[in-house]
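A short worksheet on the structure shown next.
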Amino acid sequence: MDNCRFILRTAAAAAVLFFSATSLAAAPPSIKGLTTGTPNEQEKQTISEYGAYWCDKLGNSAADPEDIREAKRGLLDPLKQMSVSAAFLNEYDQAILESLVTIIDGEEPQPAVVSLIVLSQLGTDKALEAMLDRSRGSDEPRMHVRLAACRGCKLLLAGNRINARRVPAATRRLREAAKEESDQNILRHQLGAILVADQPMLTDTQRAQIRGYLVQALDGYSKLASDSDERKVPELFDAVYPVLVEVRNSALKLEPQAQREFGKVLGPCLAKLLAVPSVHWEKAQGSPETKDRYGKAIQFCEGFLQRIDLILGGGGGVQQANLKEAWDAGSREQYLEGLATLETVLSRPTYE
């Protein structure tokens, strides 16, 4: 009986200590009321303490899933207001960015992903740089971090919140990341981030530069796919295909002169993509599923190239390639002849 009383008293004391410690670390009050103006010195301190509390909770090695969800809500709450001033964002950036980067580079995957989600909503130049630093496989080997970083870049670049002068440099870095990416989900977000960065707020020169980076990224994919393990190629095609659909839709909305300039570089890029199946012919033709996946991409690329040739006044030679027909017939010889036809068409002055 005495042992039971001792155990109960000990448990009760531990509970008191636990809840006392928890109450000392109570969540700070909301800072939503500070998001619209320019914080004074006292408000800056409040913002700093708020950010520190939720970053500490997110980065705590003993945090359970509910702690992580609560920390995510706390960190995102000020950023969800209808109006958030640049002055507040700058102060909040200083309060949380360094801690979030430390969490990202830590060993726990879920807090790292949450930190990148917060950075994508923070939307500052420094937040973008932190995500770009982790968007490339040679810099960031962890796929979950790389994927979250590229998703974040895409969100930021689509939202028109980054200084326009910084956008071309950001897309150039994403181009380099895409050239070496072997994961289809990450590649799709890298290419998508470059594509959505082509916004009307930019100058014509900047927009043309970004489209050029997109084409170079696709060219890099073509080279990588031609050199890659055959098992990976259909997956990479799956990543490129939906992006190409968006590229076509965007290209058709451009002014006629911009369309023609884009078409001159995009046409040869599509031809390189169409050459990839010829490198992995036997494997690609080896199963109905793989043949169908390649076939859809071939049909789309060939049709897109025909549209570009029409815009440029190339004379309709692309239609004579008949690559989809050769693919369906399983004739590699016919397919290679079609590629040679495309090479002849693309060597014309129209594409210079």
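By convention in this document, the chains of the structure tokens carry letters A, B, ... by their order, each chain's residues are numbered from 1, and ligands are numbered from 1 in the order they are shown.
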
| query | Using the chain letters and numbers from this document, which residues of region 60-153 of chain A does DSSP assign to helix (DSSP H, G or I), as a PyMOL selection string? | reply | chain A and resi 65-80+86-104+109-122+125-132+143-153

| field | Selection: 10 Å around region 71-79 of chain A, only C-alpha atoms, excl. self and same-chain fewer than 6 positions, as a PyMOL selection string | value | chain A and resi 27-28+30-35+47+50-59+63+65+88-89+92+96+111+114-115+117-119+121-123

Write a file of the selected residues as an mmCIF file, in the first residue's frame, keeping N, CA and C atoms.
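Output contents, as saved in result30.cif:
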data_model
loop_
_atom_site.group_PDB
_atom_site.id
_atom_site.type_symbol
_atom_site.label_atom_id
_atom_site.label_comp_id
_atom_site.auth_asym_id
_atom_site.auth_seq_id
_atom_site.Cartn_x
_atom_site.Cartn_y
_atom_site.Cartn_z
ATOM 1 N N ALA A 27 1.940 29.735 -25.459
ATOM 2 C CA ALA A 27 2.047 30.377 -26.772
ATOM 3 C C ALA A 27 1.875 31.882 -26.652
ATOM 4 N N PRO A 28 2.644 32.651 -27.385
ATOM 5 C CA PRO A 28 2.520 34.108 -27.342
ATOM 6 C C PRO A 28 1.230 34.562 -28.007
ATOM 7 N N SER A 30 -1.327 36.458 -30.577
ATOM 8 C CA SER A 30 -1.269 36.642 -32.025
ATOM 9 C C SER A 30 -0.665 37.997 -32.384
ATOM 10 N N ILE A 31 0.019 38.044 -33.525
ATOM 11 C CA ILE A 31 0.581 39.309 -34.016
ATOM 12 C C ILE A 31 -0.141 39.759 -35.297
ATOM 13 N N LYS A 32 -1.334 39.227 -35.513
ATOM 14 C CA LYS A 32 -2.074 39.592 -36.721
ATOM 15 C C LYS A 32 -2.337 41.092 -36.794
ATOM 16 N N GLY A 33 -2.473 41.719 -35.652
ATOM 17 C CA GLY A 33 -2.741 43.154 -35.635
ATOM 18 C C GLY A 33 -1.554 44.010 -36.028
ATOM 19 N N LEU A 34 -0.379 43.396 -36.169
ATOM 20 C CA LEU A 34 0.827 44.150 -36.504
ATOM 21 C C LEU A 34 1.211 44.025 -37.977
ATOM 22 N N THR A 35 0.422 43.312 -38.746
ATOM 23 C CA THR A 35 0.856 42.965 -40.100
ATOM 24 C C THR A 35 0.657 44.074 -41.131
ATOM 25 N N ILE A 47 7.257 40.747 -32.380
ATOM 26 C CA ILE A 47 7.352 39.892 -33.574
ATOM 27 C C ILE A 47 8.498 38.901 -33.424
ATOM 28 N N TYR A 50 7.532 36.205 -30.941
ATOM 29 C CA TYR A 50 6.525 35.326 -31.549
ATOM 30 C C TYR A 50 7.194 34.329 -32.492
ATOM 31 N N GLY A 51 8.029 34.830 -33.381
ATOM 32 C CA GLY A 51 8.710 33.952 -34.328
ATOM 33 C C GLY A 51 9.609 32.947 -33.636
ATOM 34 N N ALA A 52 10.330 33.400 -32.619
ATOM 35 C CA ALA A 52 11.242 32.515 -31.903
ATOM 36 C C ALA A 52 10.490 31.372 -31.228
ATOM 37 N N TYR A 53 9.333 31.693 -30.647
ATOM 38 C CA TYR A 53 8.559 30.666 -29.950
ATOM 39 C C TYR A 53 8.146 29.550 -30.904
ATOM 40 N N TRP A 54 7.568 29.931 -32.067
ATOM 41 C CA TRP A 54 7.059 28.910 -32.979
ATOM 42 C C TRP A 54 8.180 28.172 -33.701
ATOM 43 N N CYS A 55 9.278 28.858 -33.973
ATOM 44 C CA CYS A 55 10.430 28.159 -34.567
ATOM 45 C C CYS A 55 11.024 27.158 -33.585
ATOM 46 N N ASP A 56 11.096 27.551 -32.297
ATOM 47 C CA ASP A 56 11.602 26.623 -31.279
ATOM 48 C C ASP A 56 10.706 25.393 -31.176
ATOM 49 N N LYS A 57 9.402 25.626 -31.261
ATOM 50 C CA LYS A 57 8.462 24.506 -31.168
ATOM 51 C C LYS A 57 8.601 23.583 -32.377
ATOM 52 N N LEU A 58 8.757 24.177 -33.558
ATOM 53 C CA LEU A 58 8.899 23.381 -34.774
ATOM 54 C C LEU A 58 10.208 22.600 -34.779
ATOM 55 N N GLY A 59 11.277 23.206 -34.277
ATOM 56 C CA GLY A 59 12.587 22.578 -34.324
ATOM 57 C C GLY A 59 12.923 21.704 -33.135
ATOM 58 N N ALA A 63 9.404 17.174 -30.620
ATOM 59 C CA ALA A 63 8.099 17.573 -31.142
ATOM 60 C C ALA A 63 7.366 16.382 -31.753
ATOM 61 N N PRO A 65 3.769 14.994 -33.984
ATOM 62 C CA PRO A 65 3.063 15.523 -35.153
ATOM 63 C C PRO A 65 2.132 16.687 -34.841
ATOM 64 N N PHE A 88 6.425 44.777 -42.274
ATOM 65 C CA PHE A 88 6.189 43.627 -41.397
ATOM 66 C C PHE A 88 6.922 42.399 -41.916
ATOM 67 N N LEU A 89 6.825 42.144 -43.224
ATOM 68 C CA LEU A 89 7.491 40.983 -43.799
ATOM 69 C C LEU A 89 8.991 41.027 -43.552
ATOM 70 N N TYR A 92 9.494 40.132 -39.891
ATOM 71 C CA TYR A 92 9.190 38.720 -39.646
ATOM 72 C C TYR A 92 10.260 37.831 -40.266
ATOM 73 N N ILE A 96 12.473 34.878 -38.229
ATOM 74 C CA ILE A 96 12.299 33.425 -38.402
ATOM 75 C C ILE A 96 13.223 32.781 -39.429
ATOM 76 N N PRO A 111 9.581 18.667 -40.176
ATOM 77 C CA PRO A 111 9.830 20.081 -39.855
ATOM 78 C C PRO A 111 10.550 20.817 -40.985
ATOM 79 N N VAL A 114 7.909 21.697 -43.580
ATOM 80 C CA VAL A 114 7.070 22.785 -43.050
ATOM 81 C C VAL A 114 7.814 24.113 -43.139
ATOM 82 N N SER A 115 9.095 24.109 -42.824
ATOM 83 C CA SER A 115 9.890 25.339 -42.881
ATOM 84 C C SER A 115 9.920 25.899 -44.299
ATOM 85 N N ILE A 117 7.617 25.424 -46.589
ATOM 86 C CA ILE A 117 6.274 25.945 -46.867
ATOM 87 C C ILE A 117 6.125 27.360 -46.306
ATOM 88 N N VAL A 118 6.638 27.561 -45.112
ATOM 89 C CA VAL A 118 6.570 28.903 -44.503
ATOM 90 C C VAL A 118 7.378 29.904 -45.332
ATOM 91 N N LEU A 119 8.557 29.503 -45.782
ATOM 92 C CA LEU A 119 9.374 30.396 -46.608
ATOM 93 C C LEU A 119 8.654 30.771 -47.896
ATOM 94 N N GLN A 121 5.546 31.144 -48.311
ATOM 95 C CA GLN A 121 4.506 32.122 -47.998
ATOM 96 C C GLN A 121 5.098 33.447 -47.517
ATOM 97 N N LEU A 122 6.286 33.389 -46.952
ATOM 98 C CA LEU A 122 6.961 34.604 -46.499
ATOM 99 C C LEU A 122 7.250 35.516 -47.695
ATOM 100 N N GLY A 123 7.756 34.936 -48.760
ATOM 101 C CA GLY A 123 7.842 35.644 -50.027
ATOM 102 C C GLY A 123 8.900 36.722 -50.136
#

| task | Could you check which of A:Ala225, A:Ile311, A:Glu289, A:Arg188 is closest to Gln259 (chain A), using only C-alpha atoms? | result |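 The shortest atom-to-atom distance to Gln259 (chain A) comes from A:Ile311.
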
| query | Any idea what the distance is between CA of Ile104 (chain A) and CA of Ala148 (chain A)? | reply |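 If I compute the distance from CA of Ile104 (chain A) to CA of Ala148 (chain A), I get 10.4 Å.
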
| Pairwise distance for CA of Cys153 (chain A) and CA of Gly37 (chain A), rounded to one decimal in Å |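 Atom-to-atom, CA of Cys153 (chain A) and CA of Gly37 (chain A) are spaced 26.5 Å apart.
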
| request: Using only C-alpha atoms, find the one residue out of A:Leu147, A:Leu224, A:Leu266, A:Leu323 that sits nearest to Lys179 (chain A). | output: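 Closest candidate: A:Leu224.
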
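Closest approach to Ser222 (chain A) among A:Ser250, A:Thr203, A:Ser287, A:Ser182 is made by A:Ser182 (distances from only C-alpha atoms).
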
| request: Tell me which of A:Ala258, A:Leu187, A:Ile298, A:Leu310 sits closest to Val276 (chain A), counting only C-alpha atoms. | output: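 Closest to Val276 (chain A), using only C-alpha atoms: A:Ile298.
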